[in-house]
>>> print(open('start.cif').read())   # mmCIF, C-alpha atoms
data_final
loop_
_atom_site.group_PDB
_atom_site.id
_atom_site.type_symbol
_atom_site.label_atom_id
_atom_site.label_comp_id
_atom_site.auth_asym_id
_atom_site.auth_seq_id
_atom_site.Cartn_x
_atom_site.Cartn_y
_atom_site.Cartn_z
ATOM 1 C CA ASN A 384 6.794 19.068 -26.813
ATOM 2 C CA ARG A 385 5.619 16.029 -24.875
ATOM 3 C CA SER A 386 5.553 15.372 -21.143
ATOM 4 C CA PHE A 387 6.304 12.156 -19.297
ATOM 5 C CA ILE A 388 4.568 11.605 -15.959
ATOM 6 C CA ARG A 389 4.813 8.568 -13.700
ATOM 7 C CA LEU A 390 2.512 7.867 -10.758
ATOM 8 C CA SER A 391 4.211 7.299 -7.424
ATOM 9 C CA LYS A 392 3.610 3.738 -6.180
ATOM 10 C CA GLU A 393 2.311 4.990 -2.822
ATOM 11 C CA GLU A 394 -0.548 6.819 -4.538
ATOM 12 C CA ALA A 395 -1.666 3.913 -6.709
ATOM 13 C CA GLY A 396 -5.379 3.225 -6.961
ATOM 14 C CA LYS A 397 -6.525 6.840 -6.813
ATOM 15 C CA ILE A 398 -8.410 8.198 -9.836
ATOM 16 C CA GLU A 399 -5.698 10.804 -10.357
ATOM 17 C CA SER A 400 -3.047 11.052 -7.682
ATOM 18 C CA ASN A 401 -1.766 14.266 -6.193
ATOM 19 C CA SER A 402 1.566 13.389 -7.790
ATOM 20 C CA ILE A 403 0.026 13.267 -11.282
ATOM 21 C CA LYS A 404 -1.945 16.476 -10.677
ATOM 22 C CA ASN A 405 1.152 18.266 -9.398
ATOM 23 C CA GLN A 406 3.330 17.105 -12.288
ATOM 24 C CA LYS A 407 0.711 18.109 -14.866
ATOM 25 C CA SER A 408 0.252 21.499 -13.208
ATOM 26 C CA PHE A 409 4.007 22.134 -13.073
ATOM 27 C CA LEU A 410 4.498 21.190 -16.734
ATOM 28 C CA ASN A 411 1.412 23.080 -17.932
ATOM 29 C CA ASN A 412 2.524 26.220 -16.082
ATOM 30 C CA TYR A 413 5.997 25.966 -17.591
ATOM 31 C CA VAL A 414 4.617 25.549 -21.117
ATOM 32 C CA HIS A 415 2.194 28.439 -20.589
ATOM 33 C CA ALA A 416 5.018 30.692 -19.339
ATOM 34 C CA HIS A 417 7.110 29.794 -22.388
ATOM 35 C CA SER A 418 4.306 29.485 -24.934
ATOM 36 C CA GLN A 419 6.363 31.079 -27.681
ATOM 37 C CA ALA A 420 8.974 28.343 -27.391
ATOM 38 C CA PHE A 421 6.844 25.297 -26.531
ATOM 39 C CA SER A 422 3.494 23.708 -27.144
ATOM 40 C CA LEU A 423 2.253 20.647 -25.275
ATOM 41 C CA LEU A 424 1.378 17.779 -27.622
ATOM 42 C CA ASP A 425 0.914 14.792 -25.352
ATOM 43 C CA TYR A 426 1.343 13.266 -21.918
ATOM 44 C CA TYR A 427 2.932 9.898 -21.271
ATOM 45 C CA ILE A 428 1.497 8.709 -17.965
ATOM 46 C CA ASP A 429 2.355 5.361 -16.386
ATOM 47 C CA ASP A 430 0.069 4.706 -13.422
ATOM 48 C CA ASP A 431 1.165 2.254 -10.752
ATOM 49 C CA TYR A 432 4.485 1.242 -12.290
ATOM 50 C CA SER A 433 7.848 1.258 -10.602
ATOM 51 C CA GLY A 434 10.465 3.481 -12.194
ATOM 52 C CA THR A 435 12.760 0.459 -12.245
ATOM 53 C CA ASN A 436 10.398 -1.306 -14.677
ATOM 54 C CA SER A 437 11.452 -0.273 -18.174
ATOM 55 C CA GLN A 438 8.493 -2.152 -19.721
ATOM 56 C CA ARG A 439 5.945 0.507 -18.774
ATOM 57 C CA PRO A 440 3.357 1.120 -21.547
ATOM 58 C CA SER A 441 3.716 4.909 -21.826
ATOM 59 C CA PHE A 442 7.480 4.770 -21.395
ATOM 60 C CA THR A 443 7.637 2.262 -24.267
ATOM 61 C CA ARG A 444 5.406 4.529 -26.405
ATOM 62 C CA LEU A 445 7.643 7.481 -25.527
ATOM 63 C CA LEU A 446 10.761 5.634 -26.702
ATOM 64 C CA GLN A 447 8.993 4.646 -29.917
ATOM 65 C CA ASP A 448 7.926 8.250 -30.567
ATOM 66 C CA ILE A 449 11.490 9.444 -30.027
ATOM 67 C CA ALA A 450 12.848 6.760 -32.371
ATOM 68 C CA LEU A 451 10.283 7.785 -35.005
ATOM 69 C CA LYS A 452 11.238 11.465 -34.515
ATOM 70 C CA ARG A 453 7.694 12.440 -33.569
ATOM 71 C CA THR A 454 9.032 14.953 -31.086
ATOM 72 C CA ASN A 455 11.990 17.286 -30.704
ATOM 73 C CA TYR A 456 11.762 17.918 -26.969
ATOM 74 C CA MET A 457 10.700 16.017 -23.866
ATOM 75 C CA MET A 458 9.842 17.736 -20.594
ATOM 76 C CA VAL A 459 10.010 16.054 -17.215
ATOM 77 C CA LYS A 460 9.576 17.532 -13.758
ATOM 78 C CA GLY A 461 12.362 15.421 -12.281
ATOM 79 C CA LEU A 462 14.559 12.483 -13.141
ATOM 80 C CA SER A 463 13.623 10.322 -10.142
#
>>> encode(input="start.cif", output="structure tokens")
Amino acid sequence: NRSFIRLSKEEAGKIESNSIKNQKSFLNNYVHAHSQAFSLLDYYIDDDYSGTNSQRPSFTRLLQDIALKRTNYMMVKGLS
């Protein structure tokens, strides 16, 4: 299981934004609560990129990993 996290533009420039911390915490708690069904393999984190930009480095890596069948499941906190 892999997790995709994107930094909100308004929090850009921080070492690790509250948004990133909150998303990681939410996903880690979910995986921990369902540890028999899931294990966390990787994060895909795009700092300071707009969600409308489909050329984000981690998003591109995510699509490549899906195409190469490196993962069966993807977890996201929200679709926005």
>>> resolve_selection(input="start.cif", expression="the PyMOL selection byres ((chain A and resi 452-458) around 12)", output="ChimeraX atom specification")
/A:384-388,406-407,409-411,413-414,420-427,442,444-451,459-462
>>> atom_distance(input="start.cif", atom1="atom CA of A:Gln438", atom2="atom CA of A:Asn401")
23.6 Å
>>> atom_distance(input="start.cif", atom1="atom CA of A:Ser441", atom2="atom CA of A:Ser418")
24.8 Å
>>> atom_distance(input="start.cif", atom1="atom CA of A:Asp431", atom2="atom CA of A:Asn405")
16.1 Å
>>> build_atoms(input="start.cif", residues="stretch 411-422 of chain A", atoms="all heavy atoms", output="PDB file, keeping the file's coordinate frame")
ATOM      1  N   ASN A 411       2.313  22.154 -17.239  1.00  0.00           N
ATOM      2  CA  ASN A 411       1.412  23.080 -17.932  1.00  0.00           C
ATOM      3  C   ASN A 411       1.788  24.533 -17.661  1.00  0.00           C
ATOM      4  O   ASN A 411       1.767  25.360 -18.580  1.00  0.00           O
ATOM      5  CB  ASN A 411      -0.041  22.833 -17.521  1.00  0.00           C
ATOM      6  CG  ASN A 411      -0.619  21.604 -18.159  1.00  0.00           C
ATOM      7  OD1 ASN A 411      -0.226  21.214 -19.242  1.00  0.00           O
ATOM      8  ND2 ASN A 411      -1.563  20.980 -17.484  1.00  0.00           N
ATOM      9  N   ASN A 412       2.116  24.857 -16.422  1.00  0.00           N
ATOM     10  CA  ASN A 412       2.524  26.220 -16.082  1.00  0.00           C
ATOM     11  C   ASN A 412       3.803  26.613 -16.808  1.00  0.00           C
ATOM     12  O   ASN A 412       3.933  27.740 -17.290  1.00  0.00           O
ATOM     13  CB  ASN A 412       2.701  26.377 -14.570  1.00  0.00           C
ATOM     14  CG  ASN A 412       1.387  26.361 -13.823  1.00  0.00           C
ATOM     15  OD1 ASN A 412       0.325  26.622 -14.388  1.00  0.00           O
ATOM     16  ND2 ASN A 412       1.445  26.022 -12.554  1.00  0.00           N
ATOM     17  N   TYR A 413       4.746  25.688 -16.897  1.00  0.00           N
ATOM     18  CA  TYR A 413       5.997  25.966 -17.591  1.00  0.00           C
ATOM     19  C   TYR A 413       5.736  26.232 -19.078  1.00  0.00           C
ATOM     20  O   TYR A 413       6.245  27.197 -19.644  1.00  0.00           O
ATOM     21  CB  TYR A 413       6.984  24.813 -17.421  1.00  0.00           C
ATOM     22  CG  TYR A 413       8.336  25.127 -18.006  1.00  0.00           C
ATOM     23  CD1 TYR A 413       9.291  25.783 -17.243  1.00  0.00           C
ATOM     24  CD2 TYR A 413       8.645  24.801 -19.322  1.00  0.00           C
ATOM     25  CE1 TYR A 413      10.532  26.097 -17.793  1.00  0.00           C
ATOM     26  CE2 TYR A 413       9.870  25.112 -19.873  1.00  0.00           C
ATOM     27  CZ  TYR A 413      10.816  25.766 -19.100  1.00  0.00           C
ATOM     28  OH  TYR A 413      12.021  26.087 -19.642  1.00  0.00           O
ATOM     29  N   VAL A 414       4.934  25.378 -19.699  1.00  0.00           N
ATOM     30  CA  VAL A 414       4.617  25.549 -21.117  1.00  0.00           C
ATOM     31  C   VAL A 414       3.885  26.870 -21.336  1.00  0.00           C
ATOM     32  O   VAL A 414       4.199  27.614 -22.272  1.00  0.00           O
ATOM     33  CB  VAL A 414       3.789  24.360 -21.653  1.00  0.00           C
ATOM     34  CG1 VAL A 414       3.214  24.653 -23.035  1.00  0.00           C
ATOM     35  CG2 VAL A 414       4.649  23.107 -21.699  1.00  0.00           C
ATOM     36  N   HIS A 415       2.941  27.184 -20.465  1.00  0.00           N
ATOM     37  CA  HIS A 415       2.194  28.439 -20.589  1.00  0.00           C
ATOM     38  C   HIS A 415       3.136  29.645 -20.480  1.00  0.00           C
ATOM     39  O   HIS A 415       3.021  30.609 -21.246  1.00  0.00           O
ATOM     40  CB  HIS A 415       1.100  28.525 -19.528  1.00  0.00           C
ATOM     41  CG  HIS A 415       0.299  29.775 -19.590  1.00  0.00           C
ATOM     42  ND1 HIS A 415      -0.603  30.031 -20.603  1.00  0.00           N
ATOM     43  CD2 HIS A 415       0.283  30.864 -18.785  1.00  0.00           C
ATOM     44  CE1 HIS A 415      -1.145  31.210 -20.405  1.00  0.00           C
ATOM     45  NE2 HIS A 415      -0.625  31.737 -19.306  1.00  0.00           N
ATOM     46  N   ALA A 416       4.081  29.584 -19.546  1.00  0.00           N
ATOM     47  CA  ALA A 416       5.018  30.692 -19.339  1.00  0.00           C
ATOM     48  C   ALA A 416       5.984  30.846 -20.517  1.00  0.00           C
ATOM     49  O   ALA A 416       6.534  31.922 -20.729  1.00  0.00           O
ATOM     50  CB  ALA A 416       5.797  30.488 -18.048  1.00  0.00           C
ATOM     51  N   HIS A 417       6.183  29.779 -21.257  1.00  0.00           N
ATOM     52  CA  HIS A 417       7.110  29.794 -22.388  1.00  0.00           C
ATOM     53  C   HIS A 417       6.386  29.428 -23.679  1.00  0.00           C
ATOM     54  O   HIS A 417       6.932  28.755 -24.553  1.00  0.00           O
ATOM     55  CB  HIS A 417       8.261  28.813 -22.143  1.00  0.00           C
ATOM     56  CG  HIS A 417       9.052  29.125 -20.929  1.00  0.00           C
ATOM     57  ND1 HIS A 417       8.721  28.649 -19.678  1.00  0.00           N
ATOM     58  CD2 HIS A 417      10.143  29.901 -20.757  1.00  0.00           C
ATOM     59  CE1 HIS A 417       9.588  29.102 -18.800  1.00  0.00           C
ATOM     60  NE2 HIS A 417      10.462  29.874 -19.422  1.00  0.00           N
ATOM     61  N   SER A 418       5.171  29.910 -23.826  1.00  0.00           N
ATOM     62  CA  SER A 418       4.306  29.485 -24.934  1.00  0.00           C
ATOM     63  C   SER A 418       4.874  29.814 -26.313  1.00  0.00           C
ATOM     64  O   SER A 418       4.482  29.186 -27.295  1.00  0.00           O
ATOM     65  CB  SER A 418       2.911  30.079 -24.782  1.00  0.00           C
ATOM     66  OG  SER A 418       2.977  31.491 -24.799  1.00  0.00           O
ATOM     67  N   GLN A 419       5.775  30.764 -26.383  1.00  0.00           N
ATOM     68  CA  GLN A 419       6.363  31.079 -27.681  1.00  0.00           C
ATOM     69  C   GLN A 419       7.402  30.037 -28.087  1.00  0.00           C
ATOM     70  O   GLN A 419       7.690  29.868 -29.264  1.00  0.00           O
ATOM     71  CB  GLN A 419       6.984  32.469 -27.663  1.00  0.00           C
ATOM     72  CG  GLN A 419       5.931  33.543 -27.500  1.00  0.00           C
ATOM     73  CD  GLN A 419       6.539  34.922 -27.313  1.00  0.00           C
ATOM     74  OE1 GLN A 419       7.705  35.056 -26.989  1.00  0.00           O
ATOM     75  NE2 GLN A 419       5.733  35.933 -27.521  1.00  0.00           N
ATOM     76  N   ALA A 420       7.937  29.328 -27.110  1.00  0.00           N
ATOM     77  CA  ALA A 420       8.974  28.343 -27.391  1.00  0.00           C
ATOM     78  C   ALA A 420       8.437  26.915 -27.415  1.00  0.00           C
ATOM     79  O   ALA A 420       9.017  26.048 -28.064  1.00  0.00           O
ATOM     80  CB  ALA A 420      10.087  28.451 -26.345  1.00  0.00           C
ATOM     81  N   PHE A 421       7.332  26.660 -26.691  1.00  0.00           N
ATOM     82  CA  PHE A 421       6.844  25.297 -26.531  1.00  0.00           C
ATOM     83  C   PHE A 421       5.344  25.211 -26.767  1.00  0.00           C
ATOM     84  O   PHE A 421       4.607  26.167 -26.535  1.00  0.00           O
ATOM     85  CB  PHE A 421       7.090  24.789 -25.098  1.00  0.00           C
ATOM     86  CG  PHE A 421       8.515  24.763 -24.689  1.00  0.00           C
ATOM     87  CD1 PHE A 421       8.999  25.694 -23.796  1.00  0.00           C
ATOM     88  CD2 PHE A 421       9.385  23.801 -25.172  1.00  0.00           C
ATOM     89  CE1 PHE A 421      10.325  25.680 -23.389  1.00  0.00           C
ATOM     90  CE2 PHE A 421      10.700  23.773 -24.782  1.00  0.00           C
ATOM     91  CZ  PHE A 421      11.171  24.712 -23.892  1.00  0.00           C
ATOM     92  N   SER A 422       4.910  24.051 -27.173  1.00  0.00           N
ATOM     93  CA  SER A 422       3.494  23.708 -27.144  1.00  0.00           C
ATOM     94  C   SER A 422       3.403  22.262 -26.663  1.00  0.00           C
ATOM     95  O   SER A 422       4.239  21.430 -27.007  1.00  0.00           O
ATOM     96  CB  SER A 422       2.840  23.859 -28.514  1.00  0.00           C
ATOM     97  OG  SER A 422       3.451  23.013 -29.447  1.00  0.00           O
TER      98      SER A 422
END
